[in-house]
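Notes follow once the structure below has been shown.
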Amino acid sequence: MATEFVGSISKPAVPIIDLVVSEEDRVAIAKRHRRRRTSIAIRYVFLTFLAAIILFPIYITIVNSLLTPLQIAARPPFFFPTKPTWGAYSDAWNAGHMSLYLMNSVIVTVLIVTGQIVTATCAAYAFAFLEFPLKRTLFIIFLATLMVPFEVTVITNLTTVVNLGWYNSYAGLAAPFMATGFGAFLLRQAFLGVPRDLRDAAALDGYGHWRFMVRVAVPLARPAMAALAVFSFLGAWNQYLWPLIVTKDSRYRTLQIGLRQLRATSLDQVNVTFAGVVIAALPLIILLVIFQKQLVRGLTAGAVKG
Amino acid sequence: MARVVLDHVTKRYGDVVAVNDLSLEIRDREFLVLLGPSGCGKSTALRMIAGLEDLSGGQIAIGDRVVNDVEPKDRDIAMVFQSYALYPHMTVARNIEFPLRSRKVPENERGPLVEEAARALGLSDLLDRKPAQLSGGQRQRVALARAIVRKPSVFLMDEPLSNLDAKLRVQTRAELIELQRRLDATVVYVTHDQVEAMTMGHRIAIMSDGVLQQVGPPQDVYERPANLFVARFIGAPPMNTITGTIASEGGSHILVTAGGAIALPSEVSGAARNATGLEVVLGVRPEHVRILPHDSETQFALDATVAVIESLGHERHVVCRLADEQMVIVRQTVETQRPLEGTAVRLSADPVGLHLFDAATGLRLDAPDPQLVGDGE
C-alpha cells in the first residue's frame with residue numbers, strides 16, 4: 001500500500017479518503033462559517049460599545065481641558081476643540097501647585113510600592129518555601145485582611161500614626177499601606193510555581209533562603225511582581241481619604257487632594273480643573289499602557305492557580 | 001572521593017514509614033544503584049544522604065564524618081535531579097558557575113572551571129543559551145556539568161535519565177558510566193528502571209516498601225535473587241513464578257503443579273526436603289524454559305497452551321498458559337521453530353535455572369546465603 005502511494009501522491013490510484021463533499025454538506029459548512037462570522041462581529045460591536053462608554057469620560061476631560069470655560073458651558077456641547085487653548089495646563093501646574101502635589105504623590109507612591117513589594121516578597125516566600133507552626137492559619141488570617149475595608153481601620157491607623165509622631169509626614173502617608181495581604185497572596189502563588197527541585201538544588205549549591213529568594217525565586221516571579229507593582233501604584237496614586245486626614249498642610253498633600261483644592265479655587269475656570277485631572281491621570285495611563293500585559297498575566301496567574 | 005555509610009536509617013512521615021532500618025555501605029569510587037518501584041523509599045534515602053530530608057532514626061556518614069546534622073551544602077556532595085533543576089533565567093554558563101559563586105571561588109578561577117566542566121560534557125558551544133533553548137539531553141548534561149564543576153566527594157543522581165526519550169537514554173547511560181569511570185567518583189544513583197541498574201551499577205541495592213531487599217553485583221542479583229520480589233523485579237521479561245507443592249519421588253524431589261511436574265535438581269534438594277508437602281514458588285527465567293511438542297514423552301514437563309507470541313526481531317517471547325491459568329513466558333531465539341498460537345505444548349525447565357521460594361514468606365529456599373543481603377561479593 002505504502003509503495004503504491006509513493007508513486008502517486010498527486011493522483012492516488014485508489015482514493016484513500018473520500019474527499020467528495022456533497023452539496024448539502026457544502027451548504028451546511030458555509031452556513032456554519034457565516035454564523036461564526038456573525039457571532040464574532042456582534043461580539044466586536046458590543047466590546048467597541050463598552051470601550052466607547054469607558055473612554056468617553058476620558059475623552060471629554062481632555063477636550064474640556066482644551067476649551068475655554070465659555071465653550072464648556074455652551075449648548076450644544078463641543079465634542080472637539082476647534083481652537084485648543086493650552087493655558088489651562090500652565091494655570092493648573094503653577095497656580096494650582098500641581099508640581100508640588102505631583103512630587104508628593106510620586107514620593108508616597110514610590111514608598112508604598114517599594115514597601116509592598118519588599119514585605120509581600122518576604123511574606124510570600126515564607127508561605128511558599130518555609131515550614132513553620134501555624135503557617136496555614138496565618139495565611140488564612142493574611143487572606144482575611146483582604147475582606148476588611150480600609151475605612152474600618154482608618155481610626156486605628158490614624159491613632160497609631162499620630163502616636164508615632166508621623167502625622168503630616170511622608171511616613172504617615174505611606175506606612176499603613178506598606179504591607180498587604182493581596183501582595184503576599186499574589187506572590188505566594190507565583191513562588192509556588194517555582195519548582196521545589198530548584199530550592200533543593202540551590203541548598204546543595206550552598207545558597208540559603210535569603211540568597212535563593214533574591215537570586216532565583218524573585219527573578220522567576222517577575223511577572224507577578226510587575227502586576228503587584230502596578231496594582232499598588234494604582235492604589236497609592238488614587239488615594240484620597242487617608243492623605244486628607246493624615247496631612248494638615250499643602251507640603252505633604254498629594255495630587256488627589258490638590259485636585260479637590262484646584263476645583264475649589266478655580267470654580268469659574270473649570271477648564272483648569274480638567275487640565276489638573278489630565279495631569280493627575282497621565283502617569284497612570286502611561287503606566288497602564290506599558291504594563292498592561294503584566295497586569296493581565298499577574299491577575300490571571302493568581303486566578304488560575306489560586 | 002569518599003564512602004557513604006547508612007546505619008539503620010529510618011524515615012517516617014507521620015504513621016508512614018518511607019525508609020525502614022536501612023543499612024548500606026557505598027564504597028569509595030563505587031557506582032551503586034538504588035533500585036525499586038515508585039514509592040519504595042529510594043528517593044527518600046537519597047535525599048537523606050543529601051541532607052534534604054531529616055532522619056527519623058539511624059545515622060549517615062560520608063567519609064569518616066557523621067553528617068546527620070550537617071547542612072546539605074557542607075556535605076561535599078552534588079546532586080542531579082530528575083527535573084534537572086536548572087535555573088531557567090540563567091544561561092548555561094551561569095548555571096554551571098552557580099555553585100562556585102556561593103563557595104566564593106575567585107572570579108578568575110571560575111571561568112576556567114566552568115569551561116573545563118562544559119568541555120567534559122560537550123557544552124562549550126551552548127554556554128550562552130538559556131535552559132529553555134536546550135534539548136532534554138543537553139539540559140541533562142548541563143545538570144551534570146553543574147554537579148562536576150565543584151568536584152564533590154559523592155554524586156547523587158535521582159532518576160536523571162527518566163525524562164529522556166528511549167534512544168537518548170541508552171546513549172546517555174553509556175556517557176554516564178564513562179563519566180563515572182573518568183572522574184573515579186562515588187555515585188549513588190536512584191532509578192526504577194532495572195535495565196539502567198543492571199547496566200550501570202557496580203552493585204545494585206533493591207528496595208521495596210522502604211525495606212532493603214538485596215544488595216549485590218548485578219549479575220549476582222540476577223542469578224540468585226534473595227526473594228520473590230527481587231526475582232520478579234529484575235529481568236525483562238520477568239522471572240516466571242509457578243506455584244506448586246513439593247513431592248518426593250524415588251529419592252529426588254519434584255514440584256507438582258497444574259499440568260504436570262518439574263524435577264528439582266540436587267542443588268535445591270536440601271531445601272526441597274525440608275519443604276516437602278508445602279506450597280512453594282518455583283522461579284525460572286524465560287530463557288531457561290523450553291517448549292516441547294505436546295506429544296513429547298518427557299516425564300517432567302508441564303502441559304500448556306500458547307497464548308500470545310511477541311516478536312522483538314532478535315528474539316521472541318512466547319506467553320504460555322498452564323492449566324490453572326498461571327502464565328509462563330518463554331524466551332526463544334528467532335532460529336528456534338516458532339510455535340503456533342493456541343496450540344498445546346509442553347514446557348520443560350533447565351535444571352540450572354531453577355529457584356525455589358517459600359510461598360508464604362517469599363524468601364529464597366535453596367541454600368539461603370547470608371551474603372545475599374549485604375555485601376554480595
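Letters A, B, ... mark the chains of the C-alpha cells in the order given; residue numbers begin at 1 per chain; ligand numbers begin at 1, in order shown.
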
Give me, as a Markdown table, the closest atom pair and its distance (Å, one decimal) for every residue of chain B within a cut-off of 8 Å of chain A, counting only C-alpha atoms, rows sorted by chain and rising number.
| residue | atom | partner | partner_atom | distance |
| --- | --- | --- | --- | --- |
| B:Ala50 | CA | A:Leu204 | CA | 7.6 |
| B:Leu52 | CA | A:Asp200 | CA | 6.8 |
| B:Pro72 | CA | A:Leu204 | CA | 5.2 |
| B:Lys73 | CA | A:Leu204 | CA | 4.6 |
| B:Asp74 | CA | A:Gly206 | CA | 7.8 |
| B:Ile77 | CA | A:Leu204 | CA | 7.5 |
| B:Ala78 | CA | A:Leu204 | CA | 6.7 |
| B:Met79 | CA | A:Ala201 | CA | 7.2 |
| B:Phe81 | CA | A:Asp197 | CA | 7.2 |
| B:Ser83 | CA | A:Asp197 | CA | 7.4 |
| B:Ala85 | CA | A:Leu198 | CA | 5.0 |
| B:Leu86 | CA | A:Leu198 | CA | 7.0 |
| B:Tyr87 | CA | A:Leu198 | CA | 6.9 |
| B:Pro88 | CA | A:Leu220 | CA | 7.9 |
| B:His89 | CA | A:Leu220 | CA | 6.9 |
| B:Phe98 | CA | A:Asp205 | CA | 7.2 |
| B:Pro99 | CA | A:Asp205 | CA | 4.5 |
| B:Leu100 | CA | A:Asp205 | CA | 7.9 |
| B:Ser102 | CA | A:Gly206 | CA | 5.6 |
| B:Arg103 | CA | A:Gly206 | CA | 6.9 |

Residues near segment 269-275 of chain A, cut-off 12 Å, only C-alpha atoms, skip fewer than 6 positions along chain, as a PyMOL selection string: chain A and resi 57-73+84-98+256+258-263+281-282

Selection near segment 231-246 of chain B, 7 Å with only C-alpha atoms, sequence-local residues under 2 positions removed, as a VMD selection string: chain B and resid 194 222 225 227 to 229 248 253 to 257 272 275 to 286 328 to 329

Residue among A:Ala224, A:Val106, A:Val214, A:Leu241 lying closest to Leu284 of chain A, counting only C-alpha atoms: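 Residue with the minimum atom-to-atom distance to Leu284 of chain A: A:Val106.
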
Residue set, segment 215-366 of chain B restricted to helix (DSSP H, G or I), as a PyMOL selection string: chain B and resi 218-223+228-233+266-274+286-288+351-353

Polymer residues at most 12 Å from Cys320 of chain B, only C-alpha atoms, same-chain spacing of 3 or more positions, as JSON, numbers by chain: {"B": [240, 286, 289, 290, 291, 302, 303, 304, 305, 306, 307, 308, 309, 310, 317, 323, 324, 325, 326, 327, 328, 329, 330, 331, 339, 340, 341, 342, 343, 344, 345, 346, 347]}

Since we have the selection now, will you write its residues out, keeping C-alpha atoms, as a compact mmCIF listing (two decimals), in the first residue's frame?
# COMPACT_ATOMS: atom_id res chain seq x y z
CA ASN B 240 8.33 -16.89 35.75
CA PRO B 286 12.18 -17.16 30.43
CA VAL B 289 12.17 -22.68 29.74
CA ARG B 290 11.95 -24.93 26.67
CA ILE B 291 8.92 -25.58 24.52
CA LEU B 302 4.06 -29.02 32.15
CA ASP B 303 1.12 -29.04 29.78
CA ALA B 304 0.37 -25.58 28.47
CA THR B 305 -1.26 -23.64 25.66
CA VAL B 306 0.49 -20.97 23.61
CA ALA B 307 -1.47 -17.78 24.33
CA VAL B 308 0.47 -14.98 22.64
CA ILE B 309 3.74 -14.65 20.72
CA GLU B 310 5.62 -11.35 20.89
CA HIS B 317 8.61 -14.14 23.83
CA ALA B 323 -4.00 -25.49 33.08
CA ASP B 324 -4.65 -23.34 36.20
CA GLU B 325 -4.29 -20.04 34.28
CA GLN B 326 -0.75 -19.35 35.55
CA MET B 327 1.28 -17.68 32.80
CA VAL B 328 4.77 -18.75 31.76
CA ILE B 329 6.90 -16.69 29.38
CA VAL B 330 9.43 -18.47 27.20
CA ARG B 331 12.27 -16.58 25.55
CA PRO B 339 5.03 -22.41 17.76
CA LEU B 340 1.51 -21.57 16.71
CA GLU B 341 -0.74 -19.51 18.92
CA GLY B 342 -3.49 -21.57 20.53
CA THR B 343 -1.67 -24.87 20.19
CA ALA B 344 -0.98 -27.28 23.04
CA VAL B 345 2.67 -27.64 24.06
CA ARG B 346 4.73 -28.97 26.94
CA LEU B 347 7.17 -26.85 28.91

Nearest to Ile140 of chain A by atom-to-atom distance, counting only C-alpha atoms, from A:Ile245, A:Leu102, A:Ala184, A:Ile112: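 Smallest distance to Ile140 of chain A is found for A:Ala184.
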
Within 12 Å of Val70 of chain B using only C-alpha atoms, minus same-chain residues under 5 positions, as a VMD selection string: (chain A and resid 204) or (chain B and resid 48 to 55 59 to 62 65 75 to 77)

Selection: 6 Å around Thr10 of chain B, only C-alpha atoms, excl. self and same-chain fewer than 6 positions, as a list in words: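 The contact residues come out as Val19, Asn20, Asp21, Ser56 and Gly57 of chain B.
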
Residues just named, written with C-alpha atoms as a CSV table (one decimal), in the first residue's frame:
chain,number,residue,atom,x,y,z
B,19,VAL,CA,12.6,4.1,54.8
B,20,ASN,CA,12.8,1.3,57.3
B,21,ASP,CA,16.0,0.5,59.1
B,56,SER,CA,13.8,9.8,61.9
B,57,GLY,CA,16.4,7.3,63.2

Residue contacts of Ser124 of chain B (7 Å, only C-alpha atoms) excluding same-chain residues fewer than 4 positions away, as a PyMOL selection string: chain B and resi 115+118-119

Same residues, C-alpha atoms, saved as a PDB file, in the first residue's frame:
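The resulting file, out-v4.pdb, is reproduced below:
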ATOM      1  CA  GLU B 115      34.913  25.808  30.681  1.00  0.00           C
ATOM      2  CA  ALA B 118      31.431  22.327  29.854  1.00  0.00           C
ATOM      3  CA  ARG B 119      34.130  20.740  27.698  1.00  0.00           C
TER       4      ARG B 119
END

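Between atom CA of Leu365 of chain B and atom CA of Gly250 of chain B the separation is 21.4 Å.
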
DSSP strand (DSSP E) residues within segment 163-347 of chain B, listed as a PyMOL selection string: chain B and resi 186-191+203-208+211-216+240-249+252-257+260-263+279-284+289-293+302-311+315-322+327-333+344-347
